[in-house]
Protein chains: 4
Amino acid sequence: MKLRWGLIGGGEGSQIGGTHRIASGLDGAFEFVAGALDIDPARGRAYAEKLGVATDRAYGDWREMLAAEKGRTDRLDLVTIATPNSSHYEITKAFLAAGFDVLCEKPLTTTVEEAEDIVRTARAARRICAVNYGYSGYALVRHARAMVARGDLGKIRVVMAEFAFGHHADAADADNPRVRWRYDPKLAGVSSVLADAGIHALHLATFVTGQEIEKLSADFASTVAGRELEDDAFVAFRTTGGAVGRLWASAVALGRMHGLTIQVFGEQGGLRWEQERPNQLYWTPLRGRTEIIERGTGGLSPEADRASRVTIGHAEGFFGAFGNIYADLAEVLRASKEGRAPDPLALSYPKAEDGLRSIAAIHAAARSARERGVWIET
Amino acid sequence: MKLRWGLIGGGEGSQIGGTHRIASGLDGAFEFVAGALDIDPARGRAYAEKLGVATDRAYGDWREMLAAEKGRTDRLDLVTIATPNSSHYEITKAFLAAGFDVLCEKPLTTTVEEAEDIVRTARAARRICAVNYGYSGYALVRHARAMVARGDLGKIRVVMAEFAFGHHADAADADNPRVRWRYDPKLAGVSSVLADAGIHALHLATFVTGQEIEKLSADFASTVAGRELEDDAFVAFRTTGGAVGRLWASAVALGRMHGLTIQVFGEQGGLRWEQERPNQLYWTPLRGRTEIIERGTGGLSPEADRASRVTIGHAEGFFGAFGNIYADLAEVLRASKEGRAPDPLALSYPKAEDGLRSIAAIHAAARSARERGVWIET
Amino acid sequence: MKLRWGLIGGGEGSQIGGTHRIASGLDGAFEFVAGALDIDPARGRAYAEKLGVATDRAYGDWREMLAAEKGRTDRLDLVTIATPNSSHYEITKAFLAAGFDVLCEKPLTTTVEEAEDIVRTARAARRICAVNYGYSGYALVRHARAMVARGDLGKIRVVMAEFAFGHHADAADADNPRVRWRYDPKLAGVSSVLADAGIHALHLATFVTGQEIEKLSADFASTVAGRELEDDAFVAFRTTGGAVGRLWASAVALGRMHGLTIQVFGEQGGLRWEQERPNQLYWTPLRGRTEIIERGTGGLSPEADRASRVTIGHAEGFFGAFGNIYADLAEVLRASKEGRAPDPLALSYPKAEDGLRSIAAIHAAARSARERGVWIET
Amino acid sequence: MKLRWGLIGGGEGSQIGGTHRIASGLDGAFEFVAGALDIDPARGRAYAEKLGVATDRAYGDWREMLAAEKGRTDRLDLVTIATPNSSHYEITKAFLAAGFDVLCEKPLTTTVEEAEDIVRTARAARRICAVNYGYSGYALVRHARAMVARGDLGKIRVVMAEFAFGHHADAADADNPRVRWRYDPKLAGVSSVLADAGIHALHLATFVTGQEIEKLSADFASTVAGRELEDDAFVAFRTTGGAVGRLWASAVALGRMHGLTIQVFGEQGGLRWEQERPNQLYWTPLRGRTEIIERGTGGLSPEADRASRVTIGHAEGFFGAFGNIYADLAEVLRASKEGRAPDPLALSYPKAEDGLRSIAAIHAAARSARERGVWIET
């Protein structure tokens, strides 16, 4: 019996919608049965039907969807929210409050207060509120986390995270609507490239080390004329476990494509992983040689094995990673239905608390950047 | 309305079955409605039901499935055959003859005569018989083919194809049943690593250049004691368009993971693509610098654009590539239902003729290797 | 007629001495004729003689060398100072004042005041005082600088420089004398990894962009117990030309070998160069594809051509780069002897002013780090 | 006391001359004291003097040099012959017969008979006749050889060697004199790209495995119109130790720069080394992970340590490798002068016997290619 899945946002032509549909369906665990896919009700209904959603569950907007779905006996098992950032809070809160389990795209909300409210709401409703830091679904990211957790690296000393690309380097894009809003504080909030991309690097830093950000100092720069928000950010931080953090995020780094990279250095060894080559993890034990850990190799952690679908050497990429977030949720949802404890390995998906912490870090960084790099506790 | 899809073989624990289920479902075009998944009827039925197939279409074997399915009004739109190699011929022929469209795993058959018979059968029945050379589904492989076709490389001079890995390098695997049969002529036929892996490299060489193999000379070696078939093969060839071909396939190349690589050199430039890093294609124009063509970049060929689902920098991997074969078939099947011509870009999926040619090349190579490298026309 | 070269420091077993001897001799321009190679006079004399220096010019210490050499008619054309850092100032000043041209190892001095004094002394004496930021001798580093200078990148927005390695990651080295002194403020001064390694990255950032550091904010961390100086540093800076700078230096980054990397992003394109793969420069023009610029290719800048000795594809490495510093000095010295203007391409070797600026930046960074990241003008 | 070194060929503008001067001087062991550098006597004399050779040892041609040098008491310790290939035999033989030790550029001769004669001559004269397969001087090539020799790989199964570049891919070069002669049998002999470049790959295959070529089958192709000799070659071979060999050489591989690569696969592990990234050796033990062996790491073989001059992470390149051949020769020559046994580690430089074997293999390959790939014993 497949789980029933609904999607809000992700209309025709959006990439994120397609990715969620692929990821949710990858293992055959979820069936796409309801959606409110577009800001234009007619277009949204038509697209949902085109994708195979029954007419009575192809909704014009999320309020209509919420009203109708909460009364059904074949209720949705999971609702994914992939609307513009500013609406995440309201929609997520409404669905949680009505008793639905939710997977919200990042960022969870735009303010810290909203994120705190979501955490409270989810707890009160005893509902899942996952946040789609999808890169944490890569098998070798999970293996890196497992290696840190089991002590292979010893105490963590330094974590270096980067997310650099050049997609916003073209000054001629000043009036391009797909770019412009990202640098407008009224639409994007207190931060641009850090909130949009750097947040993934921050999340990976905490995900892999198993530590939270304790304090930070930031430097923001707007390098393209006319931008009010940063297109290049540099953040120094310290974690709850005493590690030193470094982060660089840039949207003007011509030549970097989607350069999300994480390096973790501990007393007993160092790790390096790059999102563009996700099937290799470089591991250098203290006094030893660098070893290439290949996804799909025998002898990996249960966390990595669970997150792999094909044998070594096949490029298991983005869809597999996002699919792993859905695989975790499917297991947790099924376990709940079946009245049993979920597989503990399924519990590493990012949660509302992670979303809250990320947003708090972004806001702290924006304040530090405004105040000439002062260190701020998060 | 989704297309109805059935699967033969690919039972619990098999990787190929999971890959076909993911690939067929990736774009939501196919629904998995019937299957005969296991040599053990009860196990096959149970697994199909577990995967959501209705009880009456969860079959015990392919004959039962054929008998039942051919009488249904909600007939299968596509049947995928992922059984052991020796049964491909019989099952494929039976389904084609009964009027089903088929996607057969490679190799299409074990003998040239059988492959010829499949080609004849498919033509007589006017049915699709596709063969799963799935690596040809990668966006940048298709882009390479498009570049050659539109003349970017000029006349092709040399094509170098490799498929090397080390999975059969362990002499202690002599009695490992998953390895042993591959080197037993009674089970594997005239060739091992060339027929099993090198065949993909051969197919890519012809797919990218748009040329067929005209003649070849081969050297086979069995480097692990006790093997009757080759675990390392070297093939020199010439194509119908006058290009020089070189191929190396090895199963004892420790350190190569799944090293399928193709290089094409023409009068006007050279291309290099590696399966393990499928999102980059290296292009060196004559008298110019090497450029890195990234999957998802603007300005690629329509063939590449059609085969991409996410933007630049995301590692679109194995599932996307295999999914593209299914996307092609979905388009062709839908066009047929709708009485219209299919999108010409959907027509590059590998066909029975490709399967026949590959098998003929393998048999010629095996003969050349036996006859001290004599050149053989194919 | 070869130029006469003398060396101070670089005794038996030291790597830096061997590198200077190789680099100075690489093009046959300099002859090694005098040396004071060791803190132990007898050992220094013996080693110099073993290396072919005449007995009367194999000195016991630098004062003896200075006294003897300044009276000779076959005076040294160039003296290289490769002694421990704390003695650079005194020796360099003495030789400059006595009318010798000098190449001093980095850092030029340990304090800003000393560096200022060296600059004044060199100017007053009208002598060359070069500083060995040898990585600036790589052909493609010089090409990158030429590309920036001729406007290929447009206005520079961001420069990212890294120098990370793991050589000091072993806590068991606490008592290793080769490591310990580096973290002792009494011996190493105000900074460890930034002053020792990061200084090269800082220099490259200014060398390639042609801009100086205007202000900076730093975060230092001592991640190994017992260290008083930083083994990991993060510096944000702004340049005189308005570029944003980011720098990471680490001595505990297990898995990074000698990870000196520089990336420069401008309005019209981005560059990336890695010291460990010095023969490739990655160039991504705005709206274009990444191109791999190979050392030795036709069509490079005169700066790059002059700094190459062999054709494309040969790994021209460390010795060639350091040799280019000596090649520049040889040209300038010969031009002076011949009463002609030197080749302008020979003038990019690092000078005392560069040494001064680097030291000023290090001291500013150390102060910023002490003062919680406050921005400091340099 | 430096060794006295002379050079024949390598005139102004030649790359090979500069490389030999750098390599011979790298460690300060040889002094360049005599030369006959150019086919034009006056130009050769002038250039030698410009390079610091005394007037009486700056010769107009090699006969003049031989006549004068053999009578001197300060006789040359080593003569390097870097003239056009067709003159190697005559000059090498004359100098050997006159009692000089010789380093001859590859190929040693153009025919097998000549090479046999050189071997006989050198033995009779009890002189060193080294052949400059300079890539065997790379530290990690020597480490690979040491690993094979000490049994790390177990019995060798397969060796794959490549040397591919695109420098002769431009059809417009048909009349370019620097290219044309290479494809003219009257000037280049029986083979072009195999004899010129592939020979290095063949040598490395034998050098690293410690085995000789026993038999081979070849396929040659001339892919650019008008060429009489091959610009692309494929050779299958078997070694004396029972290993299977594969070799690809190409001069039309646009995008490959100087693609000399060697892979060795044994029962217990596999190795991979690429000339363009010479400071890393990839090692995959059976059932283990790929490890990156870095030049300069502790714990390498004595052979690798002896061939390294700088610490880990510095790009020790081409000059260092060629310098190692001279370092070997310096040790052997000094040991001979001092009446002691040379360091056994200095004995791996390539010798006339290696030159002979390579030439025999090239001739056998050319014959096999003419005879449709027939296997030929070498």
# chains A, B, ... in the order shown; residues from 1 in each chain; ligands from 1
>>> interface_residues(of="chain C", to="chain B", cutoff="7 Å", atoms="only C-alpha atoms", output="number ranges by chain")
C: 289-293
>>> residues_around(residues="Leu51 (chain B)", least_positions_apart="4", cutoff="10 Å", atoms="only C-alpha atoms", output="number ranges by chain")
A: 1-2, 27-29; B: 12, 21, 32-33, 35, 45-47, 58
>>> select_by_dssp(residues="region 281-376 of chain A", states="strand (DSSP E or B)", output="VMD selection string")
chain A and resid 281 to 285 290 to 294 351 376
>>> write_last_selection(atoms="C-alpha atoms", output="short mmCIF file (atom, residue, chain, number, x, y, z; two decimals), in the first residue's frame")
data_model
loop_
_atom_site.label_atom_id
_atom_site.label_comp_id
_atom_site.auth_asym_id
_atom_site.auth_seq_id
_atom_site.Cartn_x
_atom_site.Cartn_y
_atom_site.Cartn_z
CA LEU A 281 34.53 10.70 -0.17
CA TYR A 282 38.20 11.45 0.49
CA TRP A 283 39.44 10.23 3.83
CA THR A 284 42.92 10.89 5.19
CA PRO A 285 43.69 9.22 8.50
CA THR A 290 44.35 9.61 1.52
CA GLU A 291 41.85 6.89 0.67
CA ILE A 292 38.99 7.22 -1.79
CA ILE A 293 35.80 5.88 -0.28
CA GLU A 294 33.47 4.94 -3.12
CA LYS A 351 13.72 18.55 11.01
CA ILE A 376 27.28 36.86 17.97
#
>>> select_by_dssp(residues="region 55-289 of chain D", states="alpha helix (DSSP H)", output="PyMOL selection string")
chain D and resi 62-69+88-97+112-125+139-149+177-180+185-188+193+199-209
>>> write_last_selection(atoms="C-alpha atoms", output="mmCIF file, in the first residue's frame")
data_model
loop_
_atom_site.group_PDB
_atom_site.id
_atom_site.type_symbol
_atom_site.label_atom_id
_atom_site.label_comp_id
_atom_site.auth_asym_id
_atom_site.auth_seq_id
_atom_site.Cartn_x
_atom_site.Cartn_y
_atom_site.Cartn_z
ATOM 1 C CA TRP D 62 80.976 16.066 -33.312
ATOM 2 C CA ARG D 63 83.982 14.694 -35.222
ATOM 3 C CA GLU D 64 86.019 17.733 -34.287
ATOM 4 C CA MET D 65 84.836 17.308 -30.728
ATOM 5 C CA LEU D 66 85.721 13.636 -30.625
ATOM 6 C CA ALA D 67 89.156 14.225 -32.088
ATOM 7 C CA ALA D 68 89.963 16.987 -29.632
ATOM 8 C CA GLU D 69 88.398 15.532 -26.521
ATOM 9 C CA HIS D 88 72.514 8.576 -32.999
ATOM 10 C CA TYR D 89 74.122 5.343 -34.116
ATOM 11 C CA GLU D 90 77.220 6.747 -35.711
ATOM 12 C CA ILE D 91 77.989 9.284 -33.010
ATOM 13 C CA THR D 92 77.217 7.013 -30.097
ATOM 14 C CA LYS D 93 79.350 4.239 -31.545
ATOM 15 C CA ALA D 94 82.268 6.566 -32.198
ATOM 16 C CA PHE D 95 82.287 7.998 -28.689
ATOM 17 C CA LEU D 96 81.860 4.622 -27.020
ATOM 18 C CA ALA D 97 84.661 3.169 -29.099
ATOM 19 C CA VAL D 112 67.713 -3.330 -34.748
ATOM 20 C CA GLU D 113 71.105 -4.231 -36.229
ATOM 21 C CA GLU D 114 72.537 -0.852 -35.271
ATOM 22 C CA ALA D 115 71.193 -1.159 -31.752
ATOM 23 C CA GLU D 116 72.731 -4.608 -31.425
ATOM 24 C CA ASP D 117 76.004 -3.144 -32.595
ATOM 25 C CA ILE D 118 75.823 -0.390 -29.972
ATOM 26 C CA VAL D 119 75.209 -2.931 -27.241
ATOM 27 C CA ARG D 120 78.229 -4.937 -28.427
ATOM 28 C CA THR D 121 80.373 -1.832 -28.733
ATOM 29 C CA ALA D 122 79.510 -0.598 -25.256
ATOM 30 C CA ARG D 123 80.233 -3.995 -23.759
ATOM 31 C CA ALA D 124 83.520 -4.359 -25.585
ATOM 32 C CA ALA D 125 84.583 -0.870 -24.539
ATOM 33 C CA ALA D 139 60.052 9.353 -8.230
ATOM 34 C CA LEU D 140 56.679 7.625 -8.310
ATOM 35 C CA VAL D 141 57.496 5.634 -11.430
ATOM 36 C CA ARG D 142 60.448 4.300 -9.522
ATOM 37 C CA HIS D 143 58.248 3.666 -6.539
ATOM 38 C CA ALA D 144 55.810 1.743 -8.726
ATOM 39 C CA ARG D 145 58.679 -0.377 -9.989
ATOM 40 C CA ALA D 146 59.823 -0.963 -6.413
ATOM 41 C CA MET D 147 56.320 -1.984 -5.365
ATOM 42 C CA VAL D 148 56.126 -4.519 -8.171
ATOM 43 C CA ALA D 149 59.623 -5.798 -7.439
ATOM 44 C CA PRO D 177 58.452 20.716 -41.834
ATOM 45 C CA ARG D 178 58.411 20.053 -38.055
ATOM 46 C CA VAL D 179 55.583 17.567 -38.595
ATOM 47 C CA ARG D 180 55.995 16.253 -42.127
ATOM 48 C CA PRO D 185 59.494 6.596 -43.968
ATOM 49 C CA LYS D 186 62.709 7.803 -45.574
ATOM 50 C CA LEU D 187 63.334 10.094 -42.602
ATOM 51 C CA ALA D 188 61.456 8.473 -39.735
ATOM 52 C CA VAL D 193 53.946 7.764 -33.316
ATOM 53 C CA ILE D 199 58.254 3.866 -27.175
ATOM 54 C CA HIS D 200 58.185 5.715 -23.846
ATOM 55 C CA ALA D 201 55.000 3.917 -22.864
ATOM 56 C CA LEU D 202 56.513 0.594 -23.901
ATOM 57 C CA HIS D 203 59.620 1.334 -21.890
ATOM 58 C CA LEU D 204 57.599 2.261 -18.803
ATOM 59 C CA ALA D 205 55.611 -0.963 -19.154
ATOM 60 C CA THR D 206 58.805 -2.971 -19.002
ATOM 61 C CA PHE D 207 60.489 -0.713 -16.466
ATOM 62 C CA VAL D 208 57.684 -0.864 -13.940
ATOM 63 C CA THR D 209 56.927 -4.548 -14.338
#
>>> atom_distance(atom1="CA of Lys70 (chain A)", atom2="CA of Ile39 (chain A)")
21.0 Å
>>> residues_around(residues="Ile312 (chain A)", least_positions_apart="3", cutoff="10 Å", atoms="only C-alpha atoms", output="JSON, numbers by chain")
{"A": [279, 294, 295, 296, 297, 298, 308, 309, 315, 316], "B": [167, 257, 258, 276]}
>>> residues_around(residues="Gly241 (chain C)", least_positions_apart="3", cutoff="9 Å", atoms="only C-alpha atoms", output="number ranges by chain")
C: 155-156, 209-214, 238
>>> write_last_selection(atoms="N, CA, C and O atoms", output="short mmCIF file (atom, residue, chain, number, x, y, z; two decimals), in the first residue's frame")
data_model
loop_
_atom_site.label_atom_id
_atom_site.label_comp_id
_atom_site.auth_asym_id
_atom_site.auth_seq_id
_atom_site.Cartn_x
_atom_site.Cartn_y
_atom_site.Cartn_z
N LYS C 155 36.54 44.41 -13.91
CA LYS C 155 36.78 44.79 -12.51
C LYS C 155 36.74 43.54 -11.65
O LYS C 155 35.86 42.68 -11.80
N ILE C 156 37.70 43.43 -10.72
CA ILE C 156 37.74 42.24 -9.86
C ILE C 156 36.74 42.41 -8.73
O ILE C 156 36.72 43.42 -8.04
N THR C 209 45.93 40.07 -8.65
CA THR C 209 44.98 41.16 -8.88
C THR C 209 45.68 42.49 -9.15
O THR C 209 45.05 43.42 -9.66
N GLY C 210 46.95 42.61 -8.76
CA GLY C 210 47.63 43.90 -8.90
C GLY C 210 47.10 44.93 -7.92
O GLY C 210 47.26 46.14 -8.12
N GLN C 211 46.48 44.45 -6.83
CA GLN C 211 45.92 45.35 -5.83
C GLN C 211 46.51 45.03 -4.46
O GLN C 211 46.95 43.91 -4.21
N GLU C 212 46.47 46.01 -3.57
CA GLU C 212 46.97 45.79 -2.23
C GLU C 212 45.82 45.62 -1.25
O GLU C 212 44.68 46.00 -1.54
N ILE C 213 46.13 45.07 -0.08
CA ILE C 213 45.12 44.90 0.96
C ILE C 213 44.92 46.23 1.68
O ILE C 213 45.88 46.85 2.11
N GLU C 214 43.67 46.62 1.80
CA GLU C 214 43.36 47.93 2.38
C GLU C 214 42.91 47.79 3.84
O GLU C 214 43.25 48.59 4.69
N ARG C 238 39.50 43.68 2.13
CA ARG C 238 39.13 44.50 0.97
C ARG C 238 40.43 45.03 0.38
O ARG C 238 41.39 45.31 1.12
#
>>> closest_residue(among="A:Arg227, A:Arg150, A:Arg75, A:Arg372", to="Phe100 (chain A)", atoms="only C-alpha atoms")
A:Arg75
>>> residues_around(residues="Arg43 (chain B)", least_positions_apart="5", cutoff="10 Å", atoms="only C-alpha atoms", output="PDB file with C-alpha atoms, in the first residue's frame")
ATOM      1  CA  GLY B  11      13.185 -10.135  -8.390  1.00  0.00           C
ATOM      2  CA  GLU B  12      13.862  -9.237  -4.804  1.00  0.00           C
ATOM      3  CA  ALA B  36       6.723 -12.158 -13.320  1.00  0.00           C
ATOM      4  CA  LEU B  37       9.668 -11.298 -11.179  1.00  0.00           C
ATOM      5  CA  ASP B  38      11.284 -14.492 -10.013  1.00  0.00           C
ATOM      6  CA  ALA B  48       5.186  -8.172  -7.130  1.00  0.00           C
ATOM      7  CA  GLU B  49       2.320  -7.727  -4.709  1.00  0.00           C
ATOM      8  CA  TYR B  59       2.474 -13.817 -12.129  1.00  0.00           C
ATOM      9  CA  GLY B  60       4.430 -16.954 -11.351  1.00  0.00           C
TER      10      GLY B  60
END
